[in-house]
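A.B. asks: You'll find coords_11.txt just under this line, and it carries compact mmCIF, C-alpha atoms.
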```txt
# COMPACT_ATOMS: atom_id res chain seq x y z
CA MET A 178 -45.17 14.60 -30.49
CA ASP A 179 -44.14 12.41 -33.41
CA TRP A 180 -41.15 14.64 -34.05
CA LEU A 181 -39.77 13.82 -30.57
CA ALA A 182 -40.03 10.13 -31.35
CA ASP A 183 -38.26 10.74 -34.65
CA VAL A 184 -35.44 12.61 -32.94
CA ALA A 185 -35.09 9.90 -30.28
CA ALA A 186 -34.93 7.22 -32.97
CA VAL A 187 -32.25 9.12 -34.92
CA VAL A 188 -30.22 9.64 -31.75
CA GLY A 189 -30.60 5.95 -30.93
CA LEU A 190 -29.28 4.90 -34.34
CA GLY A 191 -26.47 7.45 -34.04
CA TRP A 192 -25.42 5.99 -30.69
CA TYR A 193 -25.59 2.49 -32.16
CA ALA A 194 -23.28 3.61 -34.99
CA VAL A 195 -20.83 5.11 -32.49
CA LEU A 196 -20.74 1.84 -30.53
CA TRP A 197 -20.08 -0.12 -33.68
CA ALA A 198 -17.31 2.27 -34.66
CA LEU A 199 -15.66 1.74 -31.27
CA GLY A 200 -16.13 -2.01 -31.50
CA LEU A 201 -14.57 -2.18 -34.94
CA LEU A 202 -11.72 0.08 -33.79
CA GLY A 203 -11.05 -2.23 -30.83
CA CYS A 204 -11.12 -5.26 -33.13
CA ARG A 205 -8.77 -3.61 -35.63
CA THR A 206 -6.38 -2.56 -32.86
CA ALA A 207 -6.33 -6.08 -31.45
CA ARG A 208 -5.53 -7.51 -34.89
CA SER A 209 -2.81 -5.01 -35.76
CA ARG A 210 -1.12 -4.83 -32.36
CA TYR A 211 -1.38 -8.32 -30.87
CA ARG A 212 -1.19 -10.82 -33.72
CA THR A 213 2.54 -10.13 -34.20
CA ARG A 214 4.86 -9.48 -31.26
CA PRO A 215 8.37 -8.61 -32.50
CA ARG A 216 11.45 -8.94 -30.32
CA SER A 217 12.72 -5.57 -29.06
CA PRO A 218 16.35 -4.59 -29.71
CA LEU A 219 16.56 -3.71 -26.00
CA ALA A 220 16.40 -7.43 -25.18
CA SER A 221 20.11 -7.73 -25.98
CA SER A 222 21.29 -4.13 -25.70
CA SER A 223 24.10 -3.17 -23.35
CA ASP A 224 22.57 0.30 -23.06
CA ALA A 225 19.16 -0.85 -21.80
CA PRO A 226 18.00 1.36 -18.90
CA GLY A 227 17.63 -0.33 -15.52
CA VAL A 228 14.18 -1.41 -14.35
CA SER A 229 12.96 -2.28 -10.85
CA ILE A 230 10.16 -4.85 -10.93
CA LEU A 231 7.85 -4.49 -7.91
CA ARG A 232 5.63 -7.45 -7.07
CA PRO A 233 3.33 -7.06 -4.03
CA LEU A 234 2.39 -10.47 -2.60
CA LYS A 235 -0.12 -11.79 -0.10
CA GLY A 236 -0.96 -15.45 0.25
CA LEU A 237 -1.08 -18.23 -2.31
CA ASP A 238 -2.74 -16.81 -5.40
CA THR A 239 -3.79 -19.03 -8.26
CA ASN A 240 -0.79 -19.99 -10.42
CA LEU A 241 1.49 -17.98 -8.12
CA TYR A 242 4.71 -19.87 -8.90
CA GLU A 243 4.38 -19.42 -12.68
CA ASN A 244 3.19 -15.83 -12.28
CA ILE A 245 6.25 -14.76 -10.32
CA GLU A 246 8.60 -16.90 -12.41
CA SER A 247 7.51 -15.04 -15.55
CA THR A 248 9.36 -11.95 -14.26
CA PHE A 249 12.51 -13.95 -13.46
CA ILE A 250 12.79 -15.07 -17.11
CA GLN A 251 12.38 -11.68 -18.78
CA GLU A 252 14.60 -11.27 -21.86
CA TYR A 253 16.14 -8.03 -20.63
CA PRO A 254 19.71 -7.36 -19.51
CA ASN A 255 19.24 -4.89 -16.65
CA PHE A 256 16.56 -5.40 -14.03
CA GLU A 257 16.00 -6.20 -10.37
CA ILE A 258 12.99 -7.81 -8.69
CA LEU A 259 11.61 -6.61 -5.35
CA LEU A 260 9.07 -9.02 -3.83
CA SER A 261 7.20 -7.47 -0.93
CA VAL A 262 5.04 -9.06 1.78
CA ALA A 263 3.49 -7.43 4.82
CA ASP A 264 3.98 -10.42 7.16
CA GLU A 265 7.03 -12.64 7.65
CA ARG A 266 4.66 -15.63 7.98
CA ASP A 267 3.12 -15.07 4.55
CA GLN A 268 2.79 -18.33 2.61
CA ALA A 269 4.03 -16.70 -0.60
CA LEU A 270 7.53 -16.54 0.88
CA VAL A 271 8.07 -20.28 0.37
CA ILE A 272 7.51 -19.92 -3.38
CA VAL A 273 9.55 -16.71 -3.59
CA ARG A 274 12.57 -18.30 -1.89
CA ASP A 275 12.37 -21.33 -4.18
CA LEU A 276 12.47 -19.06 -7.23
CA ILE A 277 15.36 -16.99 -5.91
CA ALA A 278 17.29 -20.23 -5.38
CA LYS A 279 16.35 -21.46 -8.85
CA TYR A 280 17.54 -18.25 -10.55
CA PRO A 281 20.64 -17.15 -8.58
CA HIS A 282 21.81 -14.96 -11.46
CA VAL A 283 18.71 -12.74 -11.17
CA ASN A 284 18.99 -9.74 -8.86
CA ALA A 285 15.97 -10.44 -6.66
CA ARG A 286 15.29 -9.71 -3.02
CA ILE A 287 12.47 -9.92 -0.50
CA ILE A 288 11.12 -6.94 1.46
CA ILE A 289 9.15 -7.93 4.56
CA GLY A 290 6.97 -5.47 6.42
CA GLU A 291 4.53 -2.84 5.22
CA GLU A 292 4.45 0.87 5.89
CA THR A 293 0.95 2.16 6.60
CA VAL A 294 0.42 5.34 4.62
CA GLY A 295 -3.32 4.98 3.98
CA VAL A 296 -6.29 2.68 3.59
CA ASN A 297 -5.05 0.80 0.50
CA PRO A 298 -3.11 -2.33 1.61
CA LYS A 299 -1.48 -2.77 -1.79
CA VAL A 300 0.08 0.69 -1.56
CA ASN A 301 1.11 0.03 2.05
CA ASN A 302 2.82 -3.16 0.89
CA LEU A 303 4.58 -1.40 -2.00
CA VAL A 304 5.87 1.77 -0.33
CA ARG A 305 9.13 0.29 0.97
CA SER A 306 9.88 -1.35 -2.40
CA TYR A 307 9.05 1.92 -4.13
CA ARG A 308 11.54 3.82 -1.99
CA GLU A 309 14.28 1.18 -2.04
CA ALA A 310 14.15 0.47 -5.79
CA ALA A 311 17.54 0.98 -7.44
CA HIS A 312 16.16 2.25 -10.76
CA ASP A 313 13.90 5.08 -11.85
CA ILE A 314 11.77 2.94 -14.14
CA LEU A 315 9.34 0.85 -12.09
CA TRP A 316 7.25 -2.08 -13.26
CA VAL A 317 4.42 -2.76 -10.80
CA ILE A 318 2.79 -6.10 -11.55
CA ASP A 319 0.13 -7.89 -9.52
CA SER A 320 0.81 -11.36 -8.14
CA ASN A 321 -2.02 -12.97 -10.13
CA ILE A 322 -0.43 -11.85 -13.42
CA SER A 323 2.04 -13.63 -15.69
CA VAL A 324 3.66 -12.12 -18.77
CA ALA A 325 5.59 -13.23 -21.85
CA PRO A 326 9.43 -13.14 -21.67
CA GLY A 327 9.68 -10.21 -24.11
CA THR A 328 7.18 -7.98 -22.31
CA LEU A 329 9.65 -5.85 -20.37
CA ALA A 330 11.89 -5.05 -23.35
CA ARG A 331 8.96 -4.08 -25.58
CA SER A 332 7.44 -1.94 -22.80
CA VAL A 333 10.66 -0.06 -22.02
CA ASP A 334 11.09 0.55 -25.74
CA ILE A 335 7.76 2.41 -25.74
CA LEU A 336 8.40 4.22 -22.46
CA THR A 337 11.76 5.62 -23.58
CA ARG A 338 11.02 6.61 -27.16
CA SER A 339 11.06 10.23 -28.26
CA PRO A 340 7.81 12.24 -28.02
CA SER A 341 8.10 12.92 -31.75
CA GLN A 342 7.53 9.19 -32.36
CA ASN A 343 4.18 9.27 -30.54
CA SER A 344 0.96 10.17 -32.30
CA SER A 345 0.13 12.66 -29.55
CA GLY A 346 3.51 14.36 -29.80
CA LYS A 347 3.84 14.01 -26.01
CA ARG A 348 6.07 11.81 -23.90
CA VAL A 349 4.69 8.45 -22.78
CA ALA A 350 4.72 8.34 -18.96
CA LEU A 351 3.05 4.97 -18.46
CA VAL A 352 2.96 1.71 -20.39
CA HIS A 353 0.20 -0.74 -19.52
CA HIS A 354 -0.97 -4.15 -20.69
CA VAL A 355 -4.49 -5.28 -21.49
CA PRO A 356 -5.72 -7.95 -19.03
CA PHE A 357 -6.37 -11.39 -20.53
CA ALA A 358 -8.07 -13.94 -18.28
CA ILE A 359 -6.85 -17.53 -18.05
CA VAL A 360 -9.17 -19.85 -16.12
CA HIS A 361 -7.62 -22.51 -13.89
CA GLU A 362 -10.82 -23.78 -12.22
CA ASN A 363 -13.95 -25.10 -13.94
CA CYS A 364 -16.58 -22.93 -12.26
CA LEU A 365 -19.27 -20.57 -13.54
CA GLY A 366 -18.06 -17.29 -12.08
CA ALA A 367 -14.57 -17.77 -13.48
CA ALA A 368 -15.99 -18.57 -16.92
CA VAL A 369 -18.17 -15.43 -16.87
CA GLU A 370 -15.20 -13.30 -15.75
CA GLN A 371 -13.12 -14.74 -18.59
CA ALA A 372 -15.85 -14.02 -21.12
CA PHE A 373 -16.06 -10.43 -19.88
CA LEU A 374 -12.33 -9.63 -19.77
CA ASN A 375 -11.39 -11.34 -23.03
CA THR A 376 -14.15 -9.92 -25.23
CA ASN A 377 -16.18 -6.81 -24.41
CA HIS A 378 -13.79 -5.38 -21.81
CA ALA A 379 -10.73 -5.88 -24.02
CA LYS A 380 -12.51 -4.51 -27.09
CA MET A 381 -13.59 -1.28 -25.38
CA TYR A 382 -10.29 -0.93 -23.50
CA LEU A 383 -8.33 -1.07 -26.74
CA ALA A 384 -10.71 1.28 -28.55
CA ILE A 385 -10.67 3.92 -25.79
CA ASN A 386 -6.88 3.81 -25.54
CA THR A 387 -6.56 4.10 -29.33
CA VAL A 388 -8.77 7.21 -29.39
CA ALA A 389 -6.79 8.41 -26.34
CA ILE A 390 -8.90 11.42 -25.41
CA GLU A 391 -8.77 10.49 -21.72
CA SER A 392 -6.78 8.27 -19.35
CA CYS A 393 -8.04 4.68 -19.22
CA VAL A 394 -5.74 2.26 -17.37
CA VAL A 395 -6.22 -1.01 -15.50
CA GLY A 396 -3.37 -1.52 -13.08
CA LYS A 397 -2.57 -5.20 -13.43
CA SER A 398 0.79 -4.45 -15.05
CA ASN A 399 2.13 -0.89 -15.40
CA LEU A 400 5.53 0.70 -16.10
CA TYR A 401 6.28 4.28 -15.15
CA ARG A 402 9.09 6.45 -13.80
CA ARG A 403 9.43 7.14 -10.11
CA SER A 404 10.72 10.63 -10.98
CA ASP A 405 7.39 11.35 -12.72
CA LEU A 406 5.32 9.95 -9.86
CA GLU A 407 7.22 12.14 -7.38
CA ARG A 408 5.89 15.19 -9.25
CA VAL A 409 2.19 14.36 -8.74
CA ASP A 410 -0.09 14.33 -5.72
CA GLY A 411 -3.36 12.87 -6.99
CA SER A 412 -5.13 16.24 -7.12
CA LEU A 413 -5.40 16.01 -10.95
CA LYS A 414 -4.57 19.74 -11.08
CA PRO A 415 -2.01 20.65 -13.77
CA LYS A 416 1.55 21.30 -12.55
CA THR A 417 4.03 23.77 -14.00
CA VAL A 418 6.71 22.59 -16.40
CA ASN A 419 9.39 22.77 -13.69
CA GLY A 420 7.13 21.12 -11.13
CA ASP A 421 5.16 22.85 -8.39
CA SER A 422 6.23 22.52 -4.78
CA LEU A 423 4.17 19.68 -3.32
CA ALA A 424 3.56 20.46 0.34
CA GLY A 425 1.56 17.32 1.14
CA GLU A 426 1.93 13.68 0.19
CA HIS A 427 3.27 13.00 -3.27
CA GLY A 428 4.57 10.00 -5.14
CA LEU A 429 3.09 6.58 -4.39
CA PRO A 430 1.93 7.37 -0.79
CA ALA A 431 -0.34 10.10 -2.18
CA PHE A 432 -2.51 7.39 -3.74
CA ALA A 433 -3.06 5.31 -0.60
CA PRO A 434 -6.51 6.88 0.09
CA PHE A 435 -7.84 5.46 -3.19
CA LEU A 436 -9.17 1.96 -3.78
CA ALA A 437 -8.24 2.18 -7.49
CA GLU A 438 -4.78 3.63 -6.95
CA ASP A 439 -3.54 2.43 -10.33
CA ASN A 440 -6.21 4.30 -12.25
CA MET A 441 -5.57 7.42 -10.18
CA ILE A 442 -1.80 7.23 -10.83
CA ALA A 443 -2.47 7.06 -14.56
CA SER A 444 -4.92 9.97 -14.38
CA ALA A 445 -2.46 12.05 -12.37
CA LEU A 446 0.33 11.55 -14.90
CA TRP A 447 -2.11 12.47 -17.68
CA HIS A 448 -3.75 15.54 -16.11
CA GLU A 449 -1.10 16.91 -13.74
CA LEU A 450 1.93 16.49 -16.02
CA ASP A 451 0.15 16.46 -19.41
CA LEU A 452 1.85 13.18 -20.33
CA ARG A 453 0.35 10.16 -22.08
CA HIS A 454 -0.02 6.38 -21.83
CA ASP A 455 0.48 3.60 -24.35
CA LEU A 456 -0.07 -0.14 -24.65
CA SER A 457 2.61 -2.60 -25.67
CA CYS A 458 1.68 -5.60 -27.79
CA ASP A 459 1.63 -7.80 -24.68
CA THR A 460 -1.14 -9.06 -22.42
CA ALA A 461 -1.27 -9.23 -18.64
CA ASN A 462 -2.31 -12.85 -18.25
CA ASN A 463 -4.74 -12.84 -15.34
CA ALA A 464 -4.91 -16.23 -13.57
CA ILE A 465 -8.44 -16.90 -12.32
CA GLY A 466 -9.03 -19.68 -9.82
CA ARG A 467 -12.22 -20.65 -8.08
CA MET A 468 -14.83 -17.94 -8.51
CA SER A 469 -18.55 -18.38 -7.93
CA LEU A 470 -21.14 -16.39 -9.84
CA ALA A 471 -21.81 -14.39 -6.66
CA ASP A 472 -18.10 -13.53 -6.47
CA TYR A 473 -18.23 -12.21 -10.03
CA VAL A 474 -21.40 -10.17 -9.41
CA TRP A 475 -20.12 -8.47 -6.27
CA ARG A 476 -16.75 -7.76 -7.82
CA ARG A 477 -18.48 -5.92 -10.66
CA VAL A 478 -20.74 -4.09 -8.20
CA ARG A 479 -17.72 -2.95 -6.23
CA TRP A 480 -15.85 -1.45 -9.16
CA ILE A 481 -18.91 0.24 -10.64
CA ARG A 482 -19.41 1.94 -7.26
CA VAL A 483 -15.79 3.04 -7.23
CA ARG A 484 -15.83 4.26 -10.84
CA LYS A 485 -18.99 6.33 -10.47
CA HIS A 486 -17.13 8.55 -7.99
CA MET A 487 -14.20 8.88 -10.38
CA VAL A 488 -15.82 9.14 -13.85
CA LEU A 489 -19.56 9.57 -13.32
CA ALA A 490 -20.54 10.31 -16.94
CA ALA A 491 -18.68 7.29 -18.32
CA THR A 492 -20.16 5.06 -15.61
CA ILE A 493 -23.73 6.17 -16.36
CA ALA A 494 -23.15 5.56 -20.07
CA GLU A 495 -21.79 2.06 -19.47
CA PRO A 496 -25.09 0.10 -19.62
CA PHE A 497 -25.86 1.77 -22.96
CA THR A 498 -22.74 0.16 -24.43
CA GLU A 499 -23.85 -3.39 -23.64
CA CYS A 500 -24.95 -5.76 -26.38
CA PHE A 501 -28.58 -6.31 -25.41
CA VAL A 502 -29.31 -2.75 -24.27
CA VAL A 503 -27.85 -1.07 -27.35
CA SER A 504 -29.48 -3.61 -29.67
CA SER A 505 -32.87 -2.91 -28.06
CA ILE A 506 -32.35 0.82 -28.66
CA ALA A 507 -31.37 0.20 -32.27
CA ALA A 508 -34.25 -2.22 -32.88
CA ALA A 509 -36.81 0.27 -31.54
CA SER A 510 -35.30 3.04 -33.68
CA LEU A 511 -35.32 0.92 -36.84
CA ARG A 512 -38.89 -0.14 -36.25
CA HIS A 513 -40.03 3.46 -35.75
CA LEU A 514 -38.15 4.93 -38.71
CA PHE A 515 -38.22 2.10 -41.25
CA ALA A 516 -40.77 -0.44 -39.95
CA ILE A 517 -38.02 -3.11 -39.72
CA SER A 518 -39.03 -5.99 -37.50
CA PRO A 519 -36.89 -6.44 -34.36
CA TRP A 520 -36.99 -10.20 -34.98
CA ALA A 521 -35.22 -9.66 -38.28
CA PHE A 522 -32.68 -7.27 -36.73
CA PHE A 523 -31.72 -9.08 -33.53
CA PRO A 524 -30.15 -12.22 -35.09
CA ILE A 525 -28.01 -10.16 -37.47
CA HIS A 526 -26.89 -7.87 -34.67
CA LEU A 527 -26.08 -10.75 -32.33
CA ILE A 528 -24.06 -12.71 -34.89
CA ALA A 529 -22.06 -9.63 -35.89
CA TRP A 530 -21.44 -8.61 -32.25
CA LEU A 531 -20.32 -12.12 -31.35
CA TRP A 532 -17.97 -12.24 -34.33
CA ILE A 533 -16.27 -9.00 -33.26
CA ASP A 534 -15.93 -10.13 -29.63
CA PHE A 535 -14.55 -13.53 -30.59
CA ASP A 536 -12.13 -11.98 -33.09
CA VAL A 537 -10.73 -9.79 -30.30
CA TYR A 538 -10.33 -12.92 -28.15
CA GLU A 539 -8.40 -14.68 -30.94
CA SER A 540 -6.09 -11.71 -31.45
CA LEU A 541 -5.17 -11.51 -27.77
CA ALA A 542 -4.95 -15.25 -27.19
CA GLY A 543 -2.97 -16.01 -30.33
CA HIS A 544 -5.33 -18.88 -31.12
CA PRO A 545 -9.04 -19.31 -32.01
CA VAL A 546 -11.83 -19.50 -29.46
CA PRO A 547 -11.95 -23.09 -28.11
CA SER A 548 -13.99 -25.48 -30.21
CA GLY A 549 -16.47 -28.22 -29.39
CA LYS A 550 -17.85 -28.43 -25.85
CA ARG A 551 -15.54 -25.70 -24.60
CA ALA A 552 -16.84 -23.34 -27.28
CA TRP A 553 -20.41 -23.83 -26.07
CA GLN A 554 -19.31 -23.29 -22.46
CA PHE A 555 -17.56 -20.08 -23.40
CA MET A 556 -20.55 -18.84 -25.41
CA SER A 557 -22.91 -19.68 -22.53
CA ALA A 558 -20.70 -17.67 -20.17
CA TRP A 559 -20.72 -14.81 -22.69
CA PHE A 560 -24.54 -14.76 -22.78
CA ILE A 561 -24.77 -14.91 -18.98
CA ARG A 562 -22.39 -11.96 -18.73
CA GLU A 563 -24.42 -9.92 -21.19
CA PHE A 564 -27.74 -10.70 -19.46
CA LEU A 565 -26.29 -9.79 -16.05
CA ALA A 566 -24.71 -6.50 -17.14
CA LEU A 567 -27.78 -4.28 -16.65
CA PRO A 568 -29.03 -5.84 -13.37
CA ILE A 569 -25.53 -5.58 -11.89
CA PHE A 570 -25.32 -1.93 -12.91
CA LEU A 571 -28.69 -1.14 -11.32
CA VAL A 572 -27.63 -2.76 -8.05
CA ALA A 573 -24.27 -0.98 -8.06
CA ILE A 574 -25.27 2.53 -9.04
CA PHE A 575 -27.51 3.09 -6.00
CA GLY A 576 -24.94 2.31 -3.31
CA ASN A 577 -21.67 3.67 -1.96
CA GLU A 578 -20.43 0.83 0.25
CA VAL A 579 -18.11 -1.89 -1.01
CA VAL A 580 -16.63 -5.00 0.58
CA TRP A 581 -12.88 -5.41 0.30
CA ARG A 582 -11.00 -8.22 2.07
CA GLY A 583 -13.95 -8.81 4.37
CA GLU A 584 -14.15 -5.19 5.50
CA LYS A 585 -16.68 -2.56 4.47
CA TYR A 586 -15.60 0.74 2.96
CA ARG A 587 -17.55 3.81 1.98
CA VAL A 588 -16.56 5.28 -1.38
CA MET A 589 -16.38 9.06 -1.43
CA GLN A 590 -15.61 11.81 -3.92
CA ALA A 591 -12.90 11.06 -6.52
CA GLY A 592 -12.76 7.41 -5.46
CA ARG A 593 -11.32 7.96 -1.99
CA VAL A 594 -12.50 5.47 0.61
CA THR A 595 -12.92 5.31 4.36
CA SER A 596 -13.27 2.13 6.36
CA THR A 597 -16.53 1.62 8.24
CA ARG A 598 -14.61 -0.65 10.63
CA ARG A 599 -17.14 -3.44 10.25
CA ARG A 600 -16.11 -6.93 9.33
CA VAL A 601 -18.44 -8.66 6.89
CA SER A 602 -19.83 -12.18 7.15
CA TYR A 603 -20.21 -13.71 3.71
CA PRO A 604 -23.42 -15.34 2.51
CA ARG A 605 -23.63 -19.09 2.96
CA GLU A 606 -23.00 -19.79 -0.74
CA TRP A 607 -19.60 -18.06 -0.46
CA LEU A 608 -18.36 -20.25 2.39
CA TRP A 609 -18.27 -23.69 0.80
CA TRP A 610 -14.74 -23.24 -0.47
CA THR A 611 -13.17 -22.06 2.79
CA ALA A 612 -12.02 -25.53 3.76
CA LYS A 613 -10.12 -25.76 0.47
CA ALA A 614 -8.97 -22.23 -0.31
CA ASP A 615 -6.57 -19.86 1.35
CA LEU A 616 -8.43 -16.71 2.37
CA THR A 617 -5.36 -14.52 1.93
CA ASN A 618 -5.73 -13.87 -1.78
CA GLU A 619 -4.08 -10.62 -2.85
CA TYR A 620 -5.94 -7.66 -1.38
CA GLU A 621 -9.33 -9.30 -1.80
CA PRO A 622 -11.83 -11.18 0.37
CA LEU A 623 -12.83 -13.61 -2.35
CA PRO A 624 -10.70 -16.39 -3.80
CA THR A 625 -10.10 -14.94 -7.24
CA ASP A 626 -11.39 -11.41 -7.02
CA GLN A 627 -8.66 -9.02 -8.13
CA LEU A 628 -7.91 -5.48 -7.12
CA ILE A 629 -8.93 -4.19 -10.56
```
Please re-express this file's structure in structure tokens.

C.D. replies:
Amino acid sequence: MDWLADVAAVVGLGWYAVLWALGLLGCRTARSRYRTRPRSPLASSSDAPGVSILRPLKGLDTNLYENIESTFIQEYPNFEILLSVADERDQALVIVRDLIAKYPHVNARIIIGEETVGVNPKVNNLVRSYREAAHDILWVIDSNISVAPGTLARSVDILTRSPSQNSSGKRVALVHHVPFAIVHENCLGAAVEQAFLNTNHAKMYLAINTVAIESCVVGKSNLYRRSDLERVDGSLKPKTVNGDSLAGEHGLPAFAPFLAEDNMIASALWHELDLRHDLSCDTANNAIGRMSLADYVWRRVRWIRVRKHMVLAATIAEPFTECFVVSSIAAASLRHLFAISPWAFFPIHLIAWLWIDFDVYESLAGHPVPSGKRAWQFMSAWFIREFLALPIFLVAIFGNEVVWRGEKYRVMQAGRVTSTRRRVSYPREWLWWTAKADLTNEYEPLPTDQLI
């Protein structure tokens, strides 16, 4: 059976080479796209198309004032801001009204009251804004996200360019922004989340979107046209050029049954209309407050359980893309084929992998990885994240229930969810912050856990 071992070793090295190719592609993309961010001509154009900025709010998120303010100061001549809350007693309204008073020249208004169209509270919160928006181009941006002043102009520039200018030759239907975590609280879970989002997640996200053989979108900050969304229903079945008659729900309400509505919207535009996505050279700066290690673990468990019902093959492959798993495969293959000691291979692999991850961080941040004590803290968080990746996956893959805003949901086919109608009591280690933190963080039960 030696030949089977030989084949397995060759396949293992081939997979290792593929992972390195993707890593280097992600690193190259980060360098070329994010280290220079030119000003778009649309920033001062009188012909700039109108944009409606939709910001769903719930409670006092970390850095909420600065997050919302970043949309008020966009360098773009033609936009409105719709700030939606489900409850007139929502604490976010105090901040929103202060900002509207501070920027009276900005066309901004508040929409109070949700419309229940499904299980997803974010969609329920957004539906009225979606319908009342004055413009066809919509920018949906989460309340825990801040952006640079030039983000809107650069994004609209990509969304409105001719298909002939795109590498795919197809029209761009959605522009998204890679999440970049900014920690506001000195706690372990937040540090691990930052290490994940700003290195491995960003690297693979950029690589997959550069290859662009399939839809891959995180919905922290997305631009798309309402007229396109009205032509899809979430079935992922191709529509005719002129648009099929949609008998059931379509547009934004059609995505209310999904927990990951943003990913489903992107997939629908890709598969139903045969349109494409693109990234601008901007980041969606994700403010992370107090997050325990347990918060981080269960957040990852939740989204692995959702993803496995949406993209099963990619989810199963995920642990084989992680640093320690793929290095173990490569080390075993090298030892079998060439008698190379794993102890000689591991240090070289680890240093090279770290260099790539940290280079991606520098490209997105616009500055080097923090030095001194902060560098060691960041590296420690990086190692913890890598060590936890496989155990978290093993916990997540064998379950279908997730906790979302203190309520249990069962994830079904294609990522749809149903509520089990059971409230969840959190473990004791999750409760220490309740005297200090507002439990109404946006669409989540945990203080800094985000929707995606």

A.B. asks: Please list as a ChimeraX atom specification every residue within 6 Å of Asn301 of chain A, counting all atoms listed in the file and excluding residues in the same chain fewer than 4 positions away.

C.D. replies: /A:291-294

A.B. asks: Save out the residues we just selected, C-alpha atoms, as a JSON list (two decimals), in the frame of the given file.

C.D. replies:
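So the final result, stored in out_26.json, reads:
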```json
[["chain", "number", "residue", "atom", "x", "y", "z"],
["A", 291, "GLU", "CA", 4.53, -2.84, 5.22],
["A", 292, "GLU", "CA", 4.45, 0.87, 5.89],
["A", 293, "THR", "CA", 0.95, 2.16, 6.60],
["A", 294, "VAL", "CA", 0.42, 5.34, 4.62]]
```

A.B. asks: Could you make a table, as a tab-separated table, of the residues of segment 410-527 of chain A that have an atom within 10 Å of an atom of segment 206-213 of chain A, each with its nearest atom pair and distance in Å to one decimal, counting all atoms listed in the file, in chain and number order?

C.D. replies:
```
residue	atom	partner	partner_atom	distance
A:Leu456	CA	A:Arg210	CA	9.1
A:Ser457	CA	A:Arg210	CA	8.0
A:Cys458	CA	A:Tyr211	CA	5.1
A:Asp459	CA	A:Tyr211	CA	6.9
A:Thr460	CA	A:Tyr211	CA	8.5
```

A.B. asks: Need to verify the contact set: segment 331-334 of chain A, 7 Å, only C-alpha atoms, exclusion of same-chain residues closer than 5 positions in sequence. Can you return it as number ranges by chain?

C.D. replies: A: 217, 219, 352, 457

A.B. asks: What gap, in Å, lies between atom CA of Ile335 of chain A and atom CA of Asp455 of chain A?

C.D. replies: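 Atom CA of Ile335 of chain A sits 7.5 Å away from atom CA of Asp455 of chain A.
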
A.B. asks: Per residue of segment 215-316 of chain A within 12 Å of segment 401-420 of chain A, note the shortest atom pair and the distance in Å to one decimal, counting only C-alpha atoms, and order the rows by chain and increasing residue number, as a tab-separated table.

C.D. replies:
```
residue	atom	partner	partner_atom	distance
A:Pro226	CA	A:Arg402	CA	11.5
A:Gly227	CA	A:Arg402	CA	11.0
A:Val228	CA	A:Arg402	CA	9.4
A:Ser229	CA	A:Arg402	CA	10.0
A:Ile230	CA	A:Tyr401	CA	10.8
A:Leu231	CA	A:Tyr401	CA	11.5
A:Val304	CA	A:Arg403	CA	11.7
A:Ser306	CA	A:Arg403	CA	11.5
A:Tyr307	CA	A:Arg403	CA	7.9
A:Arg308	CA	A:Arg403	CA	9.0
A:Glu309	CA	A:Arg403	CA	11.1
A:Ala310	CA	A:Arg403	CA	9.2
A:Ala311	CA	A:Arg403	CA	10.5
A:His312	CA	A:Arg403	CA	8.3
A:Asp313	CA	A:Arg403	CA	5.2
A:Ile314	CA	A:Arg402	CA	4.4
A:Leu315	CA	A:Tyr401	CA	5.5
A:Trp316	CA	A:Tyr401	CA	6.7
```

A.B. asks: Please, what distance in Å, to one decimal, runs between atom CA of Ser223 of chain A and atom CA of Leu329 of chain A?

C.D. replies: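 Distance reported for this atom pair: 15.0 Å.
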